[in-house]
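Colleague: As input, take input_32.csv (CSV, C-alpha atoms):
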chain,number,residue,atom,x,y,z
A,1,MET,CA,0.0,0.0,0.0
A,2,PHE,CA,1.1,3.6,-0.5
A,3,ASN,CA,1.6,5.5,2.7
A,4,ARG,CA,-0.7,8.0,0.9
A,5,ASN,CA,-3.6,7.6,-1.4
A,6,TYR,CA,-1.9,7.9,-4.8
A,7,SER,CA,1.5,7.4,-6.3
A,8,SER,CA,1.9,11.2,-6.9
A,9,TYR,CA,1.2,14.2,-4.7
A,10,LEU,CA,0.3,16.2,-7.8
A,11,LEU,CA,-2.3,13.6,-8.7
A,12,GLU,CA,-3.6,13.5,-5.1
A,13,ASP,CA,-3.8,17.3,-5.1
A,14,ALA,CA,-5.8,17.4,-8.3
A,15,VAL,CA,-8.1,14.7,-7.1
A,16,ASN,CA,-8.7,16.6,-3.8
A,17,GLN,CA,-9.5,19.7,-5.8
A,18,PHE,CA,-12.0,18.0,-8.0
A,19,ALA,CA,-13.5,16.2,-5.0
A,20,SER,CA,-14.1,19.5,-3.3
A,21,LEU,CA,-16.6,20.5,-6.0
A,22,PRO,CA,-20.3,19.9,-5.2
A,23,GLY,CA,-21.6,16.5,-6.3
A,24,ILE,CA,-18.2,15.1,-7.3
A,25,GLY,CA,-17.0,12.1,-5.3
A,26,ARG,CA,-13.5,10.7,-5.1
A,27,LYS,CA,-13.9,8.1,-7.8
A,28,THR,CA,-15.2,10.7,-10.3
A,29,ALA,CA,-12.5,13.1,-9.1
A,30,LEU,CA,-9.8,10.5,-10.0
A,31,ARG,CA,-11.3,10.0,-13.4
A,32,LEU,CA,-11.3,13.7,-14.1
A,33,ALA,CA,-7.7,14.1,-12.9
A,34,LEU,CA,-6.6,11.3,-15.1
A,35,HIS,CA,-8.5,13.0,-18.0
A,36,ILE,CA,-6.6,16.2,-17.3
A,37,LEU,CA,-3.3,14.2,-17.5
A,38,ASP,CA,-4.3,13.0,-20.9
A,39,LEU,CA,-5.2,16.4,-22.3
A,40,PRO,CA,-2.8,18.5,-24.4
A,41,ARG,CA,-0.9,21.0,-22.2
A,42,GLU,CA,-2.5,24.1,-23.8
A,43,ASN,CA,-6.0,22.7,-23.1
A,44,VAL,CA,-5.2,22.3,-19.4
A,45,GLY,CA,-3.8,25.8,-19.4
A,46,GLN,CA,-7.0,27.2,-20.9
A,47,PHE,CA,-9.0,25.2,-18.4
A,48,ALA,CA,-7.1,26.6,-15.5
A,49,SER,CA,-7.1,30.2,-16.8
A,50,SER,CA,-10.8,30.0,-17.6
A,51,MET,CA,-11.5,29.2,-13.9
A,52,LYS,CA,-9.3,32.0,-12.7
A,53,ASP,CA,-10.8,34.5,-15.1
A,54,LEU,CA,-14.3,33.6,-14.2
A,55,ARG,CA,-13.5,34.2,-10.5
A,56,GLU,CA,-11.4,37.3,-11.0
A,57,LYS,CA,-12.9,39.1,-13.9
A,58,ALA,CA,-16.7,38.4,-13.8
A,59,HIS,CA,-18.7,40.8,-11.8
A,60,PHE,CA,-22.3,41.4,-11.0
A,61,CYS,CA,-24.8,43.7,-12.8
A,62,PRO,CA,-25.4,46.6,-10.4
A,63,VAL,CA,-29.1,46.6,-11.4
A,64,CYS,CA,-30.2,43.0,-11.3
A,65,ASN,CA,-27.1,41.1,-9.8
A,66,MET,CA,-26.7,39.0,-12.8
A,67,ILE,CA,-23.2,37.7,-13.6
A,68,SER,CA,-21.9,40.0,-16.3
A,69,ASP,CA,-18.7,40.9,-18.2
A,70,ASP,CA,-19.8,44.5,-18.7
A,71,ASP,CA,-20.9,47.0,-16.1
A,72,VAL,CA,-24.6,46.5,-16.8
A,73,CYS,CA,-25.7,43.1,-17.9
A,74,PRO,CA,-27.0,42.3,-21.5
A,75,ILE,CA,-30.6,42.0,-20.3
A,76,CYS,CA,-30.6,45.3,-18.3
A,77,SER,CA,-29.0,47.1,-21.2
A,78,ASP,CA,-31.4,45.6,-23.8
A,79,GLY,CA,-33.6,48.4,-25.1
A,80,LYS,CA,-36.0,46.0,-26.8
A,81,ARG,CA,-37.0,44.4,-23.5
A,82,ASP,CA,-39.8,45.7,-21.2
A,83,HIS,CA,-38.1,47.6,-18.4
A,84,SER,CA,-41.3,48.1,-16.5
A,85,VAL,CA,-41.7,44.5,-15.5
A,86,VAL,CA,-39.2,42.9,-13.0
A,87,CYS,CA,-39.2,39.2,-12.3
A,88,VAL,CA,-37.7,38.3,-8.8
A,89,VAL,CA,-35.8,35.0,-8.8
A,90,GLU,CA,-33.5,33.3,-6.3
A,91,SER,CA,-30.5,32.6,-8.6
A,92,LEU,CA,-29.0,32.9,-12.0
A,93,ARG,CA,-30.1,29.4,-12.8
A,94,ASP,CA,-33.7,30.5,-12.5
A,95,VAL,CA,-33.0,33.3,-15.0
A,96,LEU,CA,-31.5,30.8,-17.5
A,97,SER,CA,-34.6,28.5,-17.1
A,98,ILE,CA,-37.0,31.4,-17.7
A,99,GLU,CA,-35.0,32.7,-20.6
A,100,ASN,CA,-35.0,29.3,-22.2
A,101,THR,CA,-38.8,29.4,-22.4
A,102,GLY,CA,-38.6,32.5,-24.7
A,103,GLN,CA,-41.9,33.7,-23.1
A,104,TYR,CA,-40.6,36.5,-20.9
A,105,HIS,CA,-39.2,39.8,-22.2
A,106,GLY,CA,-38.9,41.9,-19.0
A,107,MET,CA,-36.2,42.5,-16.5
A,108,TYR,CA,-34.9,40.3,-13.6
A,109,HIS,CA,-33.9,40.8,-10.0
A,110,ILE,CA,-31.7,38.1,-8.6
A,111,LEU,CA,-31.9,37.8,-4.9
A,112,GLY,CA,-28.9,35.6,-4.5
A,113,GLY,CA,-30.6,33.4,-2.0
A,114,ILE,CA,-33.8,33.1,0.0
A,115,ILE,CA,-34.6,33.9,3.6
A,116,SER,CA,-33.7,30.8,5.6
A,117,PRO,CA,-33.4,31.2,9.4
A,118,ILE,CA,-32.0,27.7,9.8
A,119,ASP,CA,-29.1,28.6,7.5
A,120,GLY,CA,-28.7,32.0,9.1
A,121,ILE,CA,-29.9,33.9,6.0
A,122,GLY,CA,-32.0,36.9,6.9
A,123,PRO,CA,-33.7,39.5,4.7
A,124,ASP,CA,-30.6,41.7,4.8
A,125,ASP,CA,-28.4,39.0,3.5
A,126,ILE,CA,-30.1,38.9,0.1
A,127,HIS,CA,-30.8,41.7,-2.4
A,128,ILE,CA,-34.2,42.8,-1.2
A,129,GLY,CA,-33.1,46.3,-0.3
A,130,GLU,CA,-31.9,46.8,-3.9
A,131,LEU,CA,-35.3,45.7,-5.2
A,132,VAL,CA,-37.0,48.3,-3.0
A,133,ARG,CA,-34.5,50.9,-4.4
A,134,ARG,CA,-35.4,49.9,-7.9
A,135,LEU,CA,-39.0,50.5,-7.2
A,136,GLU,CA,-38.2,53.9,-5.7
A,137,GLN,CA,-36.1,55.0,-8.6
A,138,ASN,CA,-38.1,53.6,-11.5
A,139,GLU,CA,-41.7,53.5,-12.5
A,140,LEU,CA,-42.4,49.8,-12.6
A,141,ARG,CA,-45.7,48.3,-13.8
A,142,GLU,CA,-45.3,44.8,-12.4
A,143,VAL,CA,-43.2,42.8,-10.1
A,144,ILE,CA,-43.4,39.0,-10.6
A,145,LEU,CA,-42.4,36.8,-7.7
A,146,ALA,CA,-40.9,33.6,-9.1
A,147,LEU,CA,-39.6,32.0,-6.0
A,148,SER,CA,-39.9,28.3,-5.0
A,149,THR,CA,-42.9,27.1,-3.1
A,150,SER,CA,-40.8,25.8,-0.2
A,151,MET,CA,-41.4,27.3,3.2
A,152,GLU,CA,-38.3,29.5,2.7
A,153,GLY,CA,-39.5,30.6,-0.7
A,154,GLU,CA,-43.0,31.5,0.6
A,155,THR,CA,-41.5,33.4,3.5
A,156,THR,CA,-39.3,35.4,1.2
A,157,SER,CA,-42.2,36.1,-1.2
A,158,PHE,CA,-44.3,37.3,1.7
A,159,TYR,CA,-41.5,39.4,3.1
A,160,ILE,CA,-40.9,41.1,-0.2
A,161,TYR,CA,-44.7,41.6,-0.6
A,162,ARG,CA,-44.8,43.5,2.6
A,163,GLN,CA,-41.8,45.6,1.6
A,164,ILE,CA,-43.1,46.7,-1.8
A,165,SER,CA,-46.9,46.6,-1.4
A,166,GLY,CA,-46.9,50.4,-0.7
A,167,PHE,CA,-45.7,51.1,-4.3
A,168,PRO,CA,-48.1,51.6,-7.1
A,169,VAL,CA,-47.1,48.3,-8.8
A,170,THR,CA,-49.0,45.1,-9.6
A,171,ILE,CA,-47.4,42.2,-7.6
A,172,THR,CA,-47.9,38.8,-9.3
A,173,THR,CA,-46.6,35.3,-8.9
A,174,ILE,CA,-46.1,32.6,-11.4
A,175,ALA,CA,-49.0,30.1,-12.0
A,176,ARG,CA,-48.8,26.8,-10.1
A,177,GLY,CA,-50.7,23.8,-11.2
A,178,VAL,CA,-50.5,20.4,-12.9
A,179,GLY,CA,-47.7,20.5,-15.4
A,180,PHE,CA,-48.4,20.2,-19.2
A,181,GLY,CA,-48.3,16.5,-20.1
A,182,ASP,CA,-48.5,15.4,-16.4
A,183,ASP,CA,-51.1,12.7,-15.4
A,184,LEU,CA,-53.5,13.8,-12.7
A,185,GLU,CA,-53.0,10.3,-11.2
A,186,TYR,CA,-49.3,11.0,-10.5
A,187,THR,CA,-49.7,14.7,-9.4
A,188,ASP,CA,-49.2,15.4,-5.7
A,189,GLU,CA,-52.3,16.3,-3.8
A,190,LEU,CA,-51.2,19.8,-2.9
A,191,THR,CA,-50.6,20.7,-6.5
A,192,LEU,CA,-53.7,19.1,-7.8
A,193,GLY,CA,-55.8,20.6,-5.0
A,194,ARG,CA,-54.5,24.1,-5.7
A,195,SER,CA,-54.9,23.7,-9.4
A,196,ILE,CA,-58.6,22.9,-8.9
A,197,ALA,CA,-59.0,25.8,-6.5
A,198,ASN,CA,-57.3,28.2,-9.0
A,199,ARG,CA,-59.2,26.9,-12.1
A,200,GLN,CA,-59.5,29.2,-15.0
A,201,VAL,CA,-62.2,29.9,-17.6
A,202,PHE,CA,-61.8,27.4,-20.4
A,203,LYS,CA,-60.9,29.2,-23.7
A,204,PRO,CA,-60.9,26.7,-26.6
B,205,MET,CA,-33.4,35.5,-24.8
B,206,PHE,CA,-29.7,36.1,-24.8
B,207,ASN,CA,-28.1,36.0,-28.2
B,208,ARG,CA,-25.7,33.6,-26.5
B,209,ASN,CA,-26.2,31.0,-23.8
B,210,TYR,CA,-25.3,33.0,-20.7
B,211,SER,CA,-25.1,36.6,-19.6
B,212,SER,CA,-21.3,36.4,-19.4
B,213,TYR,CA,-18.7,35.1,-21.8
B,214,LEU,CA,-16.5,34.3,-18.8
B,215,LEU,CA,-19.3,32.1,-17.4
B,216,GLU,CA,-19.9,30.6,-20.7
B,217,ASP,CA,-16.3,29.8,-21.1
B,218,ALA,CA,-16.0,28.1,-17.7
B,219,VAL,CA,-19.2,26.1,-18.3
B,220,ASN,CA,-17.8,24.9,-21.7
B,221,GLN,CA,-14.6,23.9,-20.0
B,222,PHE,CA,-16.4,21.9,-17.3
B,223,ALA,CA,-18.7,20.4,-19.8
B,224,SER,CA,-15.7,19.1,-21.9
B,225,LEU,CA,-14.8,16.8,-19.0
B,226,PRO,CA,-16.0,13.2,-19.2
B,227,GLY,CA,-19.4,12.5,-17.6
B,228,ILE,CA,-20.1,16.2,-17.0
B,229,GLY,CA,-23.2,17.6,-18.7
B,230,ARG,CA,-24.1,21.2,-19.2
B,231,LYS,CA,-26.4,21.5,-16.2
B,232,THR,CA,-23.7,20.1,-13.9
B,233,ALA,CA,-21.1,22.3,-15.6
B,234,LEU,CA,-23.2,25.4,-14.8
B,235,ARG,CA,-23.5,24.3,-11.2
B,236,LEU,CA,-19.7,23.8,-11.0
B,237,ALA,CA,-19.0,27.2,-12.6
B,238,LEU,CA,-21.4,29.0,-10.2
B,239,HIS,CA,-19.6,27.2,-7.4
B,240,ILE,CA,-16.3,28.5,-8.6
B,241,LEU,CA,-17.7,32.0,-8.6
B,242,ASP,CA,-18.7,31.5,-5.0
B,243,LEU,CA,-15.3,30.3,-3.8
B,244,PRO,CA,-12.6,32.6,-2.3
B,245,ARG,CA,-10.2,33.9,-4.9
B,246,GLU,CA,-7.2,32.0,-3.5
B,247,ASN,CA,-9.1,28.7,-3.6
B,248,VAL,CA,-9.8,29.2,-7.3
B,249,GLY,CA,-6.2,30.0,-7.8
B,250,GLN,CA,-5.1,26.8,-6.1
B,251,PHE,CA,-7.6,24.8,-8.1
B,252,ALA,CA,-6.3,26.3,-11.4
B,253,SER,CA,-2.6,25.8,-10.5
B,254,SER,CA,-3.3,22.3,-9.2
B,255,MET,CA,-4.6,21.3,-12.7
B,256,LYS,CA,-1.7,22.9,-14.5
B,257,ASP,CA,0.9,21.4,-12.1
B,258,LEU,CA,-0.6,17.9,-12.6
B,259,ARG,CA,-0.3,18.2,-16.3
B,260,GLU,CA,3.1,20.0,-16.5
B,261,LYS,CA,5.0,18.5,-13.6
B,262,ALA,CA,3.7,14.9,-13.1
B,263,HIS,CA,5.6,12.3,-15.1
B,264,PHE,CA,5.5,8.6,-15.6
B,265,CYS,CA,7.7,6.1,-13.8
B,266,PRO,CA,10.3,4.8,-16.4
B,267,VAL,CA,9.9,1.3,-15.0
B,268,CYS,CA,6.2,0.7,-14.6
B,269,ASN,CA,4.6,3.8,-16.2
B,270,MET,CA,2.8,4.9,-13.0
B,271,ILE,CA,2.2,8.6,-12.5
B,272,SER,CA,4.9,9.8,-10.3
B,273,ASP,CA,6.4,12.9,-8.8
B,274,ASP,CA,9.9,11.5,-8.6
B,275,ASP,CA,11.9,9.7,-11.3
B,276,VAL,CA,11.1,6.2,-10.1
B,277,CYS,CA,7.6,5.7,-8.5
B,278,PRO,CA,7.2,4.9,-4.8
B,279,ILE,CA,6.3,1.3,-5.6
B,280,CYS,CA,9.2,0.6,-7.8
B,281,SER,CA,11.6,2.2,-5.4
B,282,ASP,CA,10.2,0.4,-2.3
B,283,GLY,CA,12.8,-2.0,-1.1
B,284,LYS,CA,10.3,-3.9,1.1
B,285,ARG,CA,8.2,-5.0,-1.8
B,286,ASP,CA,8.8,-8.1,-3.9
B,287,HIS,CA,10.6,-7.0,-7.1
B,288,SER,CA,10.5,-10.5,-8.6
B,289,VAL,CA,6.7,-10.4,-9.2
B,290,VAL,CA,5.1,-8.0,-11.8
B,291,CYS,CA,1.3,-7.6,-12.1
B,292,VAL,CA,0.3,-6.3,-15.6
B,293,VAL,CA,-2.7,-4.0,-15.5
B,294,GLU,CA,-4.4,-1.7,-18.0
B,295,SER,CA,-4.4,1.6,-16.0
B,296,LEU,CA,-3.5,3.4,-12.9
B,297,ARG,CA,-7.0,2.9,-11.6
B,298,ASP,CA,-6.5,-0.9,-11.5
B,299,VAL,CA,-3.3,-0.4,-9.5
B,300,LEU,CA,-5.2,1.7,-6.9
B,301,SER,CA,-7.9,-1.0,-6.7
B,302,ILE,CA,-5.3,-3.7,-6.1
B,303,GLU,CA,-3.4,-1.6,-3.6
B,304,ASN,CA,-6.6,-1.0,-1.7
B,305,THR,CA,-6.9,-4.8,-1.1
B,306,GLY,CA,-3.6,-4.7,0.8
B,307,GLN,CA,-3.0,-8.3,-0.5
B,308,TYR,CA,-0.4,-7.6,-3.1
B,309,HIS,CA,3.2,-6.6,-2.4
B,310,GLY,CA,4.9,-7.0,-5.8
B,311,MET,CA,5.6,-4.6,-8.7
B,312,TYR,CA,3.2,-3.4,-11.4
B,313,HIS,CA,3.4,-2.8,-15.1
B,314,ILE,CA,0.8,-0.4,-16.4
B,315,LEU,CA,0.1,-1.0,-20.1
B,316,GLY,CA,-1.8,2.4,-20.6
B,317,GLY,CA,-4.5,0.7,-22.6
B,318,ILE,CA,-5.5,-2.6,-24.1
B,319,ILE,CA,-5.2,-3.9,-27.7
B,320,SER,CA,-8.4,-2.8,-29.5
B,321,PRO,CA,-8.4,-2.9,-33.3
B,322,ILE,CA,-11.7,-1.0,-33.4
B,323,ASP,CA,-10.2,1.9,-31.6
B,324,GLY,CA,-7.0,1.6,-33.6
B,325,ILE,CA,-4.9,0.5,-30.6
B,326,GLY,CA,-2.3,-2.1,-31.6
B,327,PRO,CA,0.3,-3.9,-29.5
B,328,ASP,CA,2.9,-1.1,-30.2
B,329,ASP,CA,0.6,1.6,-28.8
B,330,ILE,CA,0.7,0.2,-25.3
B,331,HIS,CA,3.7,-0.6,-23.1
B,332,ILE,CA,4.2,-4.3,-24.0
B,333,GLY,CA,7.7,-3.8,-25.4
B,334,GLU,CA,8.7,-2.3,-22.0
B,335,LEU,CA,7.4,-5.4,-20.3
B,336,VAL,CA,9.5,-7.6,-22.5
B,337,ARG,CA,12.5,-5.4,-21.7
B,338,ARG,CA,11.9,-5.7,-18.0
B,339,LEU,CA,11.9,-9.5,-18.4
B,340,GLU,CA,15.2,-9.3,-20.4
B,341,GLN,CA,16.9,-7.1,-17.8
B,342,ASN,CA,15.6,-8.6,-14.6
B,343,GLU,CA,15.2,-12.0,-13.2
B,344,LEU,CA,11.5,-12.2,-12.6
B,345,ARG,CA,9.7,-15.1,-10.8
B,346,GLU,CA,6.2,-14.4,-11.9
B,347,VAL,CA,4.1,-12.2,-14.2
B,348,ILE,CA,0.4,-11.8,-13.2
B,349,LEU,CA,-1.9,-10.8,-16.0
B,350,ALA,CA,-4.7,-8.8,-14.4
B,351,LEU,CA,-6.6,-7.5,-17.5
B,352,SER,CA,-10.3,-7.5,-18.0
B,353,THR,CA,-12.2,-10.5,-19.4
B,354,SER,CA,-13.5,-8.4,-22.4
B,355,MET,CA,-12.5,-9.6,-25.8
B,356,GLU,CA,-9.9,-6.8,-25.9
B,357,GLY,CA,-8.5,-7.8,-22.5
B,358,GLU,CA,-8.3,-11.5,-23.5
B,359,THR,CA,-6.6,-10.6,-26.8
B,360,THR,CA,-4.1,-8.5,-25.0
B,361,SER,CA,-3.4,-11.2,-22.4
B,362,PHE,CA,-2.9,-13.8,-25.1
B,363,TYR,CA,-0.6,-11.4,-27.1
B,364,ILE,CA,1.5,-10.8,-24.0
B,365,TYR,CA,1.6,-14.5,-23.2
B,366,ARG,CA,3.0,-15.2,-26.6
B,367,GLN,CA,5.6,-12.4,-26.2
B,368,ILE,CA,6.9,-13.6,-22.8
B,369,SER,CA,6.3,-17.3,-22.8
B,370,GLY,CA,10.0,-17.9,-23.8
B,371,PHE,CA,11.2,-16.4,-20.6
B,372,PRO,CA,11.8,-18.7,-17.5
B,373,VAL,CA,8.9,-17.0,-15.6
B,374,THR,CA,5.6,-18.3,-14.3
B,375,ILE,CA,2.7,-16.6,-16.0
B,376,THR,CA,-0.5,-16.4,-14.0
B,377,THR,CA,-3.8,-14.7,-14.2
B,378,ILE,CA,-6.1,-13.5,-11.4
B,379,ALA,CA,-8.8,-15.9,-10.2
B,380,ARG,CA,-12.3,-15.4,-11.7
B,381,GLY,CA,-15.4,-16.8,-10.1
B,382,VAL,CA,-18.4,-16.0,-8.0
B,383,GLY,CA,-17.7,-12.9,-5.9
B,384,PHE,CA,-17.6,-13.2,-2.1
B,385,GLY,CA,-21.1,-12.6,-0.8
B,386,ASP,CA,-22.7,-13.0,-4.2
B,387,ASP,CA,-25.8,-15.2,-4.6
B,388,LEU,CA,-25.4,-18.0,-7.1
B,389,GLU,CA,-28.9,-17.2,-8.3
B,390,TYR,CA,-27.9,-13.8,-9.5
B,391,THR,CA,-24.4,-14.7,-10.9
B,392,ASP,CA,-24.2,-14.7,-14.7
B,393,GLU,CA,-23.9,-18.1,-16.4
B,394,LEU,CA,-20.4,-17.7,-17.7
B,395,THR,CA,-19.0,-16.7,-14.4
B,396,LEU,CA,-20.8,-19.5,-12.6
B,397,GLY,CA,-19.9,-22.1,-15.2
B,398,ARG,CA,-16.2,-21.2,-15.1
B,399,SER,CA,-16.2,-21.1,-11.3
B,400,ILE,CA,-17.5,-24.7,-11.3
B,401,ALA,CA,-15.0,-25.8,-13.9
B,402,ASN,CA,-12.2,-24.1,-11.9
B,403,ARG,CA,-13.3,-25.5,-8.6
B,404,GLN,CA,-10.7,-25.9,-5.9
B,405,VAL,CA,-10.0,-28.3,-3.1
B,406,PHE,CA,-12.0,-27.2,0.0
B,407,LYS,CA,-9.8,-26.2,2.8
B,408,PRO,CA,-11.8,-25.6,6.0
As structure tokens, please, write out the structure in this file.
Modeller:
Amino acid sequence: MFNRNYSSYLLEDAVNQFASLPGIGRKTALRLALHILDLPRENVGQFASSMKDLREKAHFCPVCNMISDDDVCPICSDGKRDHSVVCVVESLRDVLSIENTGQYHGMYHILGGIISPIDGIGPDDIHIGELVRRLEQNELREVILALSTSMEGETTSFYIYRQISGFPVTITTIARGVGFGDDLEYTDELTLGRSIANRQVFKP
Amino acid sequence: MFNRNYSSYLLEDAVNQFASLPGIGRKTALRLALHILDLPRENVGQFASSMKDLREKAHFCPVCNMISDDDVCPICSDGKRDHSVVCVVESLRDVLSIENTGQYHGMYHILGGIISPIDGIGPDDIHIGELVRRLEQNELREVILALSTSMEGETTSFYIYRQISGFPVTITTIARGVGFGDDLEYTDELTLGRSIANRQVFKP
């Protein structure tokens, strides 16, 4: 047996680095490290500098907190989009999901988290103050709350609602219900119950 | 929609880099890139240099082809191990698996692949010649062939056997059979059949 895990400290180091990433175990980390070893030198150099550049050069849009290369992000600086509607989401990943639908053409506001007392995240730890300031400084028509339906998400939505309900703005939330293509039989009771309660006029 | 995939070229670049690794899809790559963005700067710097160092500084043991920091790897330079037995394996991962058992105290010879005409890998593309040279230059007692039982593995074992059968060395192969703790009911027919054919004297 080795008196350490691998035959090389360099390999061990790379495996440890990969294994520190979320969702990557030690077996996968070893596979990735051996892949790095097989790559041409310049590719590994590009890989390494790409990581450093992301961390050192990317910054956050001062308006919506989106990761951006420029001062203001491409969505906030897009004149063709509707600047009077702001969709409040937890993270960049939610923005990407909504953008993928091609159905939304307004602005975003990324909170960077949700209120979660268990994790020690209070209202001041996420970008709610910036949202209030956006409402103070701009005439907005609508704020869409697109947070998760977890307890933390509902708490955050309610907190935001209380903070901004004094502004002359319509506050909406995304529709919840049985997904398109889902079988009623396999839909959870809460979703099915709510989607019956929130039924809409049938427009054929 | 963005006219590209993400709001930042730096992010897009990092996601592409992660997604180029084996077994990492675009969703996972995005999660990893966002994790990089959340890390302290110095950690990202360490991550990046660890990858570059692995590729640029690690080299292969001239005796057994193991990844190594020093000239000769820790196993080949270990005086307490049995230098007269060489276990032939496909890759470093096999070495790690065998070392984990704690049952083997000889040397290794890493082929760096197996003969696979479909993938264009012939006998000269893997380190068989080096194995023959080891036999010429050292008095070895035993060569253990520990390759997989796939067609490629069997072909490679047979090719090596023909190359080294002229040397005064015992050529063995690892035992195949029903795994410890496995139910006979769920063992594939080939394995079960062979393990009956290769039955051994019961030593209670």
Colleague: Using Å and a single decimal, report how far atom CA of Gly333 of chain B sits from atom CA of Ile378 of chain B.
Modeller: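 Computing the Euclidean distance for atom CA of Ile378 of chain B and atom CA of Gly333 of chain B yields 21.9 Å.
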Colleague: Rank A:Gly193, A:Pro168, A:Gly23, A:Pro117 by their smallest atom-to-atom distance to chain B, using all atoms listed in the file, and report the top residue only.
Modeller: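 Going through A:Gly193, A:Pro168, A:Gly23, A:Pro117 one by one, the smallest distance to chain B is for A:Gly23.
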Colleague: For the atom pair atom CA of Ile240 of chain B and atom CA of Leu30 of chain A, what is the interatomic distance in Å to one decimal place?
Modeller: 19.2 Å
Colleague: For chain B against chain A, which residues fall within 8 Å using all atoms listed in the file, given as a compact mmCIF listing (two decimals) with C-alpha atoms, in the frame of the given file?
Modeller:
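After the write, selection04.txt holds the following:
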# COMPACT_ATOMS: atom_id res chain seq x y z
CA MET B 205 -33.40 35.50 -24.80
CA PHE B 206 -29.70 36.10 -24.80
CA TYR B 210 -25.30 33.00 -20.70
CA SER B 211 -25.10 36.60 -19.60
CA SER B 212 -21.30 36.40 -19.40
CA TYR B 213 -18.70 35.10 -21.80
CA LEU B 214 -16.50 34.30 -18.80
CA LEU B 215 -19.30 32.10 -17.40
CA ASP B 217 -16.30 29.80 -21.10
CA ALA B 218 -16.00 28.10 -17.70
CA GLN B 221 -14.60 23.90 -20.00
CA LEU B 225 -14.80 16.80 -19.00
CA PRO B 226 -16.00 13.20 -19.20
CA LEU B 236 -19.70 23.80 -11.00
CA ALA B 237 -19.00 27.20 -12.60
CA HIS B 239 -19.60 27.20 -7.40
CA ILE B 240 -16.30 28.50 -8.60
CA LEU B 241 -17.70 32.00 -8.60
CA LEU B 243 -15.30 30.30 -3.80
CA ARG B 245 -10.20 33.90 -4.90
CA VAL B 248 -9.80 29.20 -7.30
CA GLY B 249 -6.20 30.00 -7.80
CA PHE B 251 -7.60 24.80 -8.10
CA ALA B 252 -6.30 26.30 -11.40
CA SER B 253 -2.60 25.80 -10.50
CA SER B 254 -3.30 22.30 -9.20
CA MET B 255 -4.60 21.30 -12.70
CA LYS B 256 -1.70 22.90 -14.50
CA ASP B 257 0.90 21.40 -12.10
CA LEU B 258 -0.60 17.90 -12.60
CA ARG B 259 -0.30 18.20 -16.30
CA GLU B 260 3.10 20.00 -16.50
CA LYS B 261 5.00 18.50 -13.60
CA ALA B 262 3.70 14.90 -13.10
CA MET B 270 2.80 4.90 -13.00
CA ILE B 271 2.20 8.60 -12.50
CA SER B 272 4.90 9.80 -10.30
CA ASP B 273 6.40 12.90 -8.80
CA CYS B 277 7.60 5.70 -8.50
CA PRO B 278 7.20 4.90 -4.80
CA ILE B 279 6.30 1.30 -5.60
CA LEU B 300 -5.20 1.70 -6.90
CA GLU B 303 -3.40 -1.60 -3.60
CA ASN B 304 -6.60 -1.00 -1.70
CA GLY B 306 -3.60 -4.70 0.80
CA HIS B 309 3.20 -6.60 -2.40
Colleague: Given the choices B:Ser361, B:Thr353, B:Ser399, B:Gln341, which gets closest to Ile375 of chain B if the distance is worked out from all atoms listed in the file?
Modeller: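 Closest residue, counting all atoms listed in the file: B:Ser361.
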Colleague: Restricting the calculation to all atoms listed in the file, which member of A:Ser97, A:Asp71, A:Met151, A:Leu131 is positioned closest to Ile114 of chain A?
Modeller: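 That would be A:Met151, the residue with the smallest distance to Ile114 of chain A.
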Colleague: Just to confirm, what's the straight-line distance from atom CA of Tyr186 of chain A to atom CA of Ile144 of chain A in Å (one decimal)?
Modeller: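 We find that atom CA of Tyr186 of chain A and atom CA of Ile144 of chain A lie 28.6 Å from each other.
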Colleague: Starting from the block above, write segment 28-36 of chain A out to a file with N, CA and C atoms, as a short mmCIF file (atom, residue, chain, number, x, y, z; two decimals), in the first residue's frame, please.
Modeller:
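Okay, selection-v7.cif is ready:
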data_model
loop_
_atom_site.label_atom_id
_atom_site.label_comp_id
_atom_site.auth_asym_id
_atom_site.auth_seq_id
_atom_site.Cartn_x
_atom_site.Cartn_y
_atom_site.Cartn_z
N THR A 28 -15.02 9.82 -9.15
CA THR A 28 -15.18 10.72 -10.29
C THR A 28 -14.01 11.68 -10.35
N ALA A 29 -13.59 12.18 -9.19
CA ALA A 29 -12.47 13.13 -9.14
C ALA A 29 -11.21 12.51 -9.73
N LEU A 30 -10.98 11.23 -9.42
CA LEU A 30 -9.80 10.55 -9.97
C LEU A 30 -9.92 10.43 -11.50
N ARG A 31 -11.13 10.08 -11.96
CA ARG A 31 -11.35 9.97 -13.40
C ARG A 31 -11.07 11.31 -14.09
N LEU A 32 -11.54 12.40 -13.48
CA LEU A 32 -11.34 13.73 -14.06
C LEU A 32 -9.86 14.10 -14.05
N ALA A 33 -9.17 13.79 -12.95
CA ALA A 33 -7.74 14.12 -12.86
C ALA A 33 -6.95 13.35 -13.91
N LEU A 34 -7.30 12.07 -14.11
CA LEU A 34 -6.58 11.29 -15.12
C LEU A 34 -6.89 11.82 -16.52
N HIS A 35 -8.11 12.36 -16.69
CA HIS A 35 -8.46 12.98 -17.98
C HIS A 35 -7.60 14.22 -18.21
N ILE A 36 -7.43 15.02 -17.16
CA ILE A 36 -6.58 16.22 -17.26
C ILE A 36 -5.17 15.83 -17.70
#
